[in-house]
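Notes follow once the structure below has been shown.
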Amino acid sequence: MKKLMQKGLSVMRFTNIIFIISLLVSFQALADGEYHKNTLIGGRAATMGGAYTAISDDASGAFYNPSGLAFANTSSFSGSANTYSISNMKYDGAIGGKDWERSSNNLKPNFFGVVQKSGNETYAFSYALTDATVEHQDQMFQNLTDLVTPISLYALNLHSEDSTYLIGPSYAKKLSETVSFGASLFYHYRIYRRAQSQLIRYQGGTDEASYLNNIKKEKGFKPKVGFMFSPKDKWSVGMSLGKTLILTSLNDIQRNEKVDGASTFSFVQTKKTNKRKTPIELETGVAYFQSAYLLLSANLDYYAFTDDKERENVVNLSIGSEYFLSEKHALRAGLFSNRSNSKEPSSSTTNLEHVDMYGLSLGYTLYSQSTAITFGTVYTMGKGQAQIYDNSAARIDVAKSSLDFVISADYGF
């Protein structure tokens, strides 16, 4: 009887570590590709909230709508960086009734492009870091009394990096003075790394620990085609269509755990090669050039999952404006949504998180004869619910926010 009681206590204590590990691991894979506008590329486009599909007349147009490259004024070099990025996630009462917060701080040089004009044709080559997070945490929780077995100390140390890169050529051609066509072919590369350790010390003095190392790599291509035309004076309409085609994927997970009462660690390695589903991306935009000093634009972007029943189709809206104080000084602003494609958590679901994000961007550009320097900021926030306990329908409130500082430079020749 005593042995059975000891075995039952061990199972209860083991439940604690699974309970906490699930906070950090179980839904990580579900977050893959959850959002479609985490990073706004290019200085001008970013400070207009990404409402750029009907403009796209600089190097960043390769990512928004390659047909806009045909209307670039000159050949040029462009570079931009979200020089400093801060993000925060707060899960209310997630660990023993105490809030669990996750933060990310990193530098993100995220774009470089060159545009070469040749008559009615335009050639471009560009690189972009379209998504990047760097998370480092050292957290300690004490006196967690609401769990199956009370915990006197829970310590967490983790470092994670998640980066997605696109690089490749673009081509655009004017079919007439008001119509253009363009295409881009990007090489897609994503790498995710996570190193994590956890220690649980029970009030009785015993402890257990776990160590996790996870590396995920994706390789593939992202073709994108675009079309732009001017139906009447002062108006421009643009459309683009793209999809990420993942050719290879490897997810290597290594876990080393010691449960309460054990003298050694148990090691498990899992390798998965299943490919993440990606949506068809249809972006539409309209721009109104009210005068030489004022520009208004809007985007309606649709992301359709045709072969993934775990995701929801998403519509995002962006609006932007640009106003020239003079020939050398321009102000920009934008509003945009970045909605989650994850399904809404309910009493019949598990391991889901859904937070729709909404953002504001502001920027200023200083022009000279051949250069332009842009400074700006992009802020996003949102609230929703999450199911972060493994195989549990319990829902908790979660809030997210991010702040990016943007700088970019363009040189025309």
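Each chain of the structure tokens is named A, B, ... in the order shown, its residues numbered from 1; ligands are numbered from 1 in display order.
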Q: Compile the contact shell of Lys216 in chain A as a PyMOL selection string: residues with an atom at most 12 Å away, counting only C-alpha atoms, same-chain residues fewer than 5 positions apart removed.
A: chain A and resi 28-29+32+160-164+189-194+248-254+270-276
Q: Could you check how far CA of Leu362 in chain A sits from CA of Thr284 in chain A, in Å to one decimal?
A: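 Interatomic distance, CA of Leu362 in chain A to CA of Thr284 in chain A: 22.1 Å.
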Q.
So, with only C-alpha atoms as the atoms that count, which of A:Thr122, A:Ala54, A:Phe336, A:Glu257 lies closest to Pro231 in chain A?
A. A:Ala54
What lies within 8 Å of range 82-95 of chain A using only C-alpha atoms, ignoring chain neighbours under 4 positions off, as a CSV table (one decimal) with C-alpha atoms, in the first residue's frame?
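Saved as result-v9.csv:
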chain,number,residue,atom,x,y,z
A,20,ILE,CA,4.4,23.6,-16.8
A,99,ASP,CA,1.0,36.0,-14.6
A,100,TRP,CA,3.5,34.5,-17.1
A,101,GLU,CA,5.2,37.1,-19.3
A,102,ARG,CA,7.3,36.5,-22.4
A,103,SER,CA,9.4,39.3,-24.0
A,104,SER,CA,11.5,39.7,-27.1
A,105,ASN,CA,14.1,42.4,-27.7
A,106,ASN,CA,16.3,42.4,-30.9
A,107,LEU,CA,17.9,44.3,-33.7
A,108,LYS,CA,16.5,43.5,-37.1
A,109,PRO,CA,18.3,44.7,-40.2
A,110,ASN,CA,15.5,43.5,-42.4
A,144,LEU,CA,3.0,27.9,-6.3
A,396,ILE,CA,-6.9,32.3,-20.1
A,397,ASP,CA,-6.7,35.9,-21.2
A,398,VAL,CA,-3.6,36.9,-23.1
A,399,ALA,CA,-2.4,40.3,-24.3
A,400,LYS,CA,0.3,41.0,-26.8
A,401,SER,CA,2.1,44.2,-27.9
A,402,SER,CA,5.2,45.2,-30.0
A,403,LEU,CA,7.1,48.3,-30.8
A,404,ASP,CA,9.5,48.7,-33.7
A,405,PHE,CA,11.8,51.7,-34.5
A,406,VAL,CA,12.4,52.0,-38.2
A,407,ILE,CA,15.2,53.6,-40.2
Q.
Write out as a list in words the set of residues from range 31-226 of chain A that DSSP, computed on the backbone, places in alpha helix (DSSP H).
A. Gly43, Arg44, Ala45, Ala46, Thr47, Gly61, Ala62, Phe63 and Tyr64 of chain A
